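Before any comments, here is the structure.
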Amino acid sequence: MLNTAIQDATNVGHEEKRAAERLYKLIEHHAEIVHHERLQEENLQTHVHIIFSLSNAGSLKVALSQVGNREKSRVLAFNECFSTGPIRDLSTAEGQQRRLIWLMEHDRDYYSSYTSNLEHQIERMIETLKTIPESKTVVIWCADNAHDQTGLRFASYLLRERKRPVHVVNVTQILKESSLQQNKGETPVYQSRIEREIYIEIVKTYGDGIPLDSDLRRRYESEWLELAGQDHVLRFWEEDRVIGCEEDRMDALILQSVAELQEQHHSGDLVKAGDVLDRIFEISRQFVSYSYIVHRIWFLVSEGVLMFKGLPGFPHQFSIGLPKA
């Protein structure tokens, strides 16, 4: 509308020109109001929270509202799964382009998600993190999984010029070390598995984060440079560190999960791909994107190691099984 108004204000007749000028001024006035309101919001904000998925960002915003800290908090979210896809030289335009092309080739839903969430794209987030004022308290939220831990190291690298401490909330470690207990008795390796009331209590008690000492910050930065120098497209969290894996690392687990689920059904029946995905996450306790596992399933189908029926959809629209001997 703004571009049309500017064009009409210079290229049309008198009446149309006056209408276009009024529209232009109205849009300009509205933009000034929005900008002023945003500045007021930023002045009230004392904390900037960094998190590594849009769904987790939504949960964090709700929890911050529940404990009365929403107005003073800004939540920045990466819309990525850092445990899958190339991350070589990700802080550069070339590295971002390489990752984008790979994800568009291996995840048919990635492009729509990428284009609908522009402010959460890597390029935009890099610039945003670099411009966080020193007066704000930076808190990075993570759990013990390759996705979050890779993101933690990437964010630490991007914030390397920051003079004030960077704070971290590791929800897995908090649950291990505190009196907070999950009803299911297990310590989640990703934030979405934490029960709502417990998550709100974590936000209330640990929302300011724990400051990273300088040695640990430097270590995270160094580990990021090491990861960003590799060509792996899959990463696991093992023995308290992120490791790069071969692309077929999960294939054996996929086949094992299919075989075990088939044993629970009638002989020869195929099983829902969605059930296989759930079982893989349960057994592996790794955080890998659904689309990556589906990509590997289709590779195994193409190799004749798995068979399928139904639509090649994602994730519940087709069934898979081991070929009959």
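Residue numbering restarts at 1 in every chain; chains get A, B, ... in the order shown in the structure tokens, and ligands count up from 1 in that same order.
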For Met250 of chain A, work out the shell of residues within 10 Å, counting only C-alpha atoms and skipping chain neighbours fewer than 3 positions away, then give it as a PyMOL selection string.
chain A and resi 234+245-247+253-256+280+284+288+292-293+296-297
Can I get the selection written as a tab-separated table (two decimals), in the first residue's frame, with all heavy atoms?
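What landed in selection_32.tsv:
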chain	number	residue	atom	x	y	z
A	234	LEU	N	24.33	-34.13	10.57
A	234	LEU	CA	23.62	-34.70	11.72
A	234	LEU	C	24.53	-34.58	12.94
A	234	LEU	O	25.73	-34.83	12.87
A	234	LEU	CB	23.30	-36.18	11.46
A	234	LEU	CG	22.61	-36.94	12.60
A	234	LEU	CD1	21.22	-36.37	12.87
A	234	LEU	CD2	22.52	-38.44	12.27
A	245	CYS	N	27.92	-36.56	13.28
A	245	CYS	CA	27.67	-37.97	12.95
A	245	CYS	C	27.56	-38.14	11.44
A	245	CYS	O	27.26	-37.20	10.69
A	245	CYS	CB	26.38	-38.46	13.60
A	245	CYS	SG	26.29	-38.21	15.38
A	246	GLU	N	27.76	-39.38	10.99
A	246	GLU	CA	27.51	-39.70	9.60
A	246	GLU	C	26.01	-39.62	9.31
A	246	GLU	O	25.18	-39.82	10.20
A	246	GLU	CB	28.03	-41.11	9.27
A	246	GLU	CG	29.54	-41.25	9.41
A	246	GLU	CD	30.30	-40.29	8.52
A	246	GLU	OE1	29.89	-40.10	7.35
A	246	GLU	OE2	31.29	-39.71	8.98
A	247	GLU	N	25.67	-39.34	8.08
A	247	GLU	CA	24.28	-39.11	7.71
A	247	GLU	C	23.39	-40.32	7.99
A	247	GLU	O	22.19	-40.17	8.28
A	247	GLU	CB	24.19	-38.72	6.23
A	247	GLU	CG	22.81	-38.29	5.78
A	247	GLU	CD	22.81	-37.72	4.38
A	247	GLU	OE1	23.91	-37.61	3.78
A	247	GLU	OE2	21.72	-37.39	3.88
A	253	LEU	N	18.54	-47.57	13.83
A	253	LEU	CA	17.49	-47.35	14.81
A	253	LEU	C	16.11	-47.30	14.14
A	253	LEU	O	15.13	-47.80	14.69
A	253	LEU	CB	17.74	-46.05	15.57
A	253	LEU	CG	16.73	-45.69	16.67
A	253	LEU	CD1	16.58	-46.81	17.68
A	253	LEU	CD2	17.15	-44.39	17.35
A	254	ILE	N	16.05	-46.75	12.94
A	254	ILE	CA	14.80	-46.74	12.18
A	254	ILE	C	14.34	-48.17	11.90
A	254	ILE	O	13.19	-48.54	12.14
A	254	ILE	CB	14.96	-45.95	10.86
A	254	ILE	CG1	15.17	-44.46	11.15
A	254	ILE	CG2	13.74	-46.14	9.96
A	254	ILE	CD1	15.54	-43.64	9.93
A	255	LEU	N	15.26	-49.00	11.42
A	255	LEU	CA	14.93	-50.39	11.11
A	255	LEU	C	14.54	-51.17	12.36
A	255	LEU	O	13.60	-51.96	12.34
A	255	LEU	CB	16.11	-51.07	10.40
A	255	LEU	CG	16.49	-50.49	9.04
A	255	LEU	CD1	17.77	-51.14	8.51
A	255	LEU	CD2	15.36	-50.65	8.04
A	256	GLN	N	15.26	-50.93	13.45
A	256	GLN	CA	14.94	-51.59	14.72
A	256	GLN	C	13.54	-51.20	15.19
A	256	GLN	O	12.75	-52.06	15.62
A	256	GLN	CB	15.96	-51.18	15.79
A	256	GLN	CG	15.62	-51.69	17.19
A	256	GLN	CD	16.51	-51.07	18.27
A	256	GLN	OE1	17.60	-50.59	17.99
A	256	GLN	NE2	16.04	-51.08	19.50
A	280	ILE	N	11.44	-43.75	17.84
A	280	ILE	CA	12.83	-43.35	17.65
A	280	ILE	C	13.22	-42.29	18.67
A	280	ILE	O	14.29	-42.37	19.29
A	280	ILE	CB	13.05	-42.83	16.22
A	280	ILE	CG1	12.99	-44.00	15.23
A	280	ILE	CG2	14.38	-42.10	16.09
A	280	ILE	CD1	12.95	-43.57	13.78
A	284	SER	N	16.11	-43.13	21.38
A	284	SER	CA	17.37	-42.44	21.17
A	284	SER	C	17.60	-41.31	22.17
A	284	SER	O	18.75	-41.00	22.51
A	284	SER	CB	17.42	-41.84	19.75
A	284	SER	OG	16.53	-40.74	19.64
A	288	VAL	N	16.24	-34.62	17.04
A	288	VAL	CA	16.50	-34.53	15.60
A	288	VAL	C	15.19	-34.15	14.93
A	288	VAL	O	14.12	-34.56	15.38
A	288	VAL	CB	17.03	-35.87	15.05
A	288	VAL	CG1	17.29	-35.79	13.56
A	288	VAL	CG2	18.30	-36.27	15.79
A	292	TYR	N	14.12	-34.86	9.07
A	292	TYR	CA	15.35	-35.59	8.79
A	292	TYR	C	15.11	-37.10	8.85
A	292	TYR	O	15.58	-37.85	7.99
A	292	TYR	CB	16.45	-35.20	9.78
A	292	TYR	CG	17.77	-35.89	9.49
A	292	TYR	CD1	18.62	-35.36	8.53
A	292	TYR	CD2	18.12	-37.07	10.12
A	292	TYR	CE1	19.82	-36.00	8.23
A	292	TYR	CE2	19.31	-37.70	9.83
A	292	TYR	CZ	20.16	-37.16	8.88
A	292	TYR	OH	21.33	-37.79	8.57
A	293	ILE	N	14.36	-37.53	9.88
A	293	ILE	CA	14.08	-38.96	9.99
A	293	ILE	C	13.24	-39.43	8.81
A	293	ILE	O	13.47	-40.51	8.26
A	293	ILE	CB	13.38	-39.26	11.32
A	293	ILE	CG1	14.26	-38.84	12.50
A	293	ILE	CG2	13.04	-40.75	11.43
A	293	ILE	CD1	13.63	-39.00	13.85
A	296	ARG	N	15.40	-39.98	5.88
A	296	ARG	CA	16.14	-41.23	5.95
A	296	ARG	C	15.22	-42.42	5.69
A	296	ARG	O	15.63	-43.43	5.08
A	296	ARG	CB	16.83	-41.39	7.30
A	296	ARG	CG	17.94	-40.39	7.56
A	296	ARG	CD	18.96	-40.33	6.45
A	296	ARG	NE	19.58	-41.63	6.16
A	296	ARG	CZ	20.46	-41.82	5.18
A	296	ARG	NH1	20.78	-40.81	4.36
A	296	ARG	NH2	20.99	-43.01	4.97
A	297	ILE	N	13.97	-42.34	6.12
A	297	ILE	CA	12.99	-43.40	5.84
A	297	ILE	C	12.84	-43.56	4.33
A	297	ILE	O	12.87	-44.67	3.79
A	297	ILE	CB	11.64	-43.11	6.51
A	297	ILE	CG1	11.75	-43.32	8.02
A	297	ILE	CG2	10.55	-44.00	5.91
A	297	ILE	CD1	10.49	-42.93	8.79
May I have the residues within 7 Å of Leu76 of chain A as a VMD selection string, using only C-alpha atoms and disregarding those fewer than 5 positions away in the same chain?
chain A and resid 49 to 51
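For Val242 of chain A, the list of residues within 6 Å, based on only C-alpha atoms and with local chain neighbours fewer than 5 positions off taken out, reads Ala146, Phe236 and Trp237 of chain A.
The residue that comes closest to Val169 of chain A, out of A:Phe154, A:Tyr206, A:Tyr220, A:Tyr190 and on the basis of only C-alpha atoms, is A:Tyr206.
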Please give the complete set of residues from segment 46-167 of chain A that DSSP, run on the backbone, assigns to alpha helix (DSSP H), formatted as a ChimeraX atom specification.
/A:54-66,93-106,110-116,122-130,146-158
Requested write-out: C-alpha atoms of the selected residues, as a PDB file, in the first residue's frame:
ATOM      1  CA  LEU A  54       9.194 -20.965  17.941  1.00  0.00           C
ATOM      2  CA  SER A  55       7.120 -23.405  20.002  1.00  0.00           C
ATOM      3  CA  ASN A  56       9.508 -23.119  22.951  1.00  0.00           C
ATOM      4  CA  ALA A  57       9.423 -19.350  22.559  1.00  0.00           C
ATOM      5  CA  GLY A  58       5.632 -19.435  22.843  1.00  0.00           C
ATOM      6  CA  SER A  59       5.830 -21.541  26.005  1.00  0.00           C
ATOM      7  CA  LEU A  60       8.419 -19.197  27.490  1.00  0.00           C
ATOM      8  CA  LYS A  61       6.294 -16.118  26.782  1.00  0.00           C
ATOM      9  CA  VAL A  62       3.279 -17.734  28.455  1.00  0.00           C
ATOM     10  CA  ALA A  63       5.370 -18.700  31.484  1.00  0.00           C
ATOM     11  CA  LEU A  64       6.867 -15.208  31.737  1.00  0.00           C
ATOM     12  CA  SER A  65       3.342 -13.794  31.714  1.00  0.00           C
ATOM     13  CA  GLN A  66       2.303 -16.232  34.435  1.00  0.00           C
ATOM     14  CA  ALA A  93      26.109 -15.499   3.872  1.00  0.00           C
ATOM     15  CA  GLU A  94      27.719 -18.407   2.012  1.00  0.00           C
ATOM     16  CA  GLY A  95      27.161 -20.776   4.926  1.00  0.00           C
ATOM     17  CA  GLN A  96      23.549 -19.676   5.330  1.00  0.00           C
ATOM     18  CA  GLN A  97      22.894 -20.204   1.630  1.00  0.00           C
ATOM     19  CA  ARG A  98      24.446 -23.669   1.769  1.00  0.00           C
ATOM     20  CA  ARG A  99      22.206 -24.621   4.692  1.00  0.00           C
ATOM     21  CA  LEU A 100      19.088 -23.158   3.064  1.00  0.00           C
ATOM     22  CA  ILE A 101      19.627 -25.105  -0.158  1.00  0.00           C
ATOM     23  CA  TRP A 102      20.234 -28.372   1.715  1.00  0.00           C
ATOM     24  CA  LEU A 103      17.120 -27.969   3.870  1.00  0.00           C
ATOM     25  CA  MET A 104      14.932 -27.087   0.877  1.00  0.00           C
ATOM     26  CA  GLU A 105      16.167 -30.235  -0.873  1.00  0.00           C
ATOM     27  CA  HIS A 106      15.602 -32.487   2.160  1.00  0.00           C
ATOM     28  CA  TYR A 110      10.995 -25.933   5.118  1.00  0.00           C
ATOM     29  CA  TYR A 111      10.499 -23.191   2.514  1.00  0.00           C
ATOM     30  CA  SER A 112       7.009 -22.242   3.705  1.00  0.00           C
ATOM     31  CA  SER A 113       8.224 -22.091   7.309  1.00  0.00           C
ATOM     32  CA  TYR A 114      11.287 -20.109   6.244  1.00  0.00           C
ATOM     33  CA  THR A 115       9.365 -17.479   4.302  1.00  0.00           C
ATOM     34  CA  SER A 116       6.566 -17.072   6.860  1.00  0.00           C
ATOM     35  CA  ILE A 122      19.386 -16.923  10.839  1.00  0.00           C
ATOM     36  CA  GLU A 123      20.553 -13.820   8.977  1.00  0.00           C
ATOM     37  CA  ARG A 124      18.068 -11.587  10.813  1.00  0.00           C
ATOM     38  CA  MET A 125      18.756 -13.214  14.177  1.00  0.00           C
ATOM     39  CA  ILE A 126      22.515 -12.733  13.788  1.00  0.00           C
ATOM     40  CA  GLU A 127      22.046  -8.995  13.330  1.00  0.00           C
ATOM     41  CA  THR A 128      19.551  -8.821  16.200  1.00  0.00           C
ATOM     42  CA  LEU A 129      21.872 -10.580  18.652  1.00  0.00           C
ATOM     43  CA  LYS A 130      24.761  -8.318  17.718  1.00  0.00           C
ATOM     44  CA  ALA A 146      22.366 -31.504  20.248  1.00  0.00           C
ATOM     45  CA  HIS A 147      19.917 -28.945  18.867  1.00  0.00           C
ATOM     46  CA  ASP A 148      19.899 -26.664  21.923  1.00  0.00           C
ATOM     47  CA  GLN A 149      23.560 -27.189  22.747  1.00  0.00           C
ATOM     48  CA  THR A 150      24.631 -26.366  19.190  1.00  0.00           C
ATOM     49  CA  GLY A 151      22.422 -23.280  19.341  1.00  0.00           C
ATOM     50  CA  LEU A 152      23.963 -22.317  22.699  1.00  0.00           C
ATOM     51  CA  ARG A 153      27.428 -22.432  21.182  1.00  0.00           C
ATOM     52  CA  PHE A 154      26.336 -20.492  18.099  1.00  0.00           C
ATOM     53  CA  ALA A 155      24.687 -17.777  20.219  1.00  0.00           C
ATOM     54  CA  SER A 156      27.755 -17.599  22.480  1.00  0.00           C
ATOM     55  CA  TYR A 157      29.914 -17.047  19.419  1.00  0.00           C
ATOM     56  CA  LEU A 158      27.629 -14.306  18.108  1.00  0.00           C
TER      57      LEU A 158
END
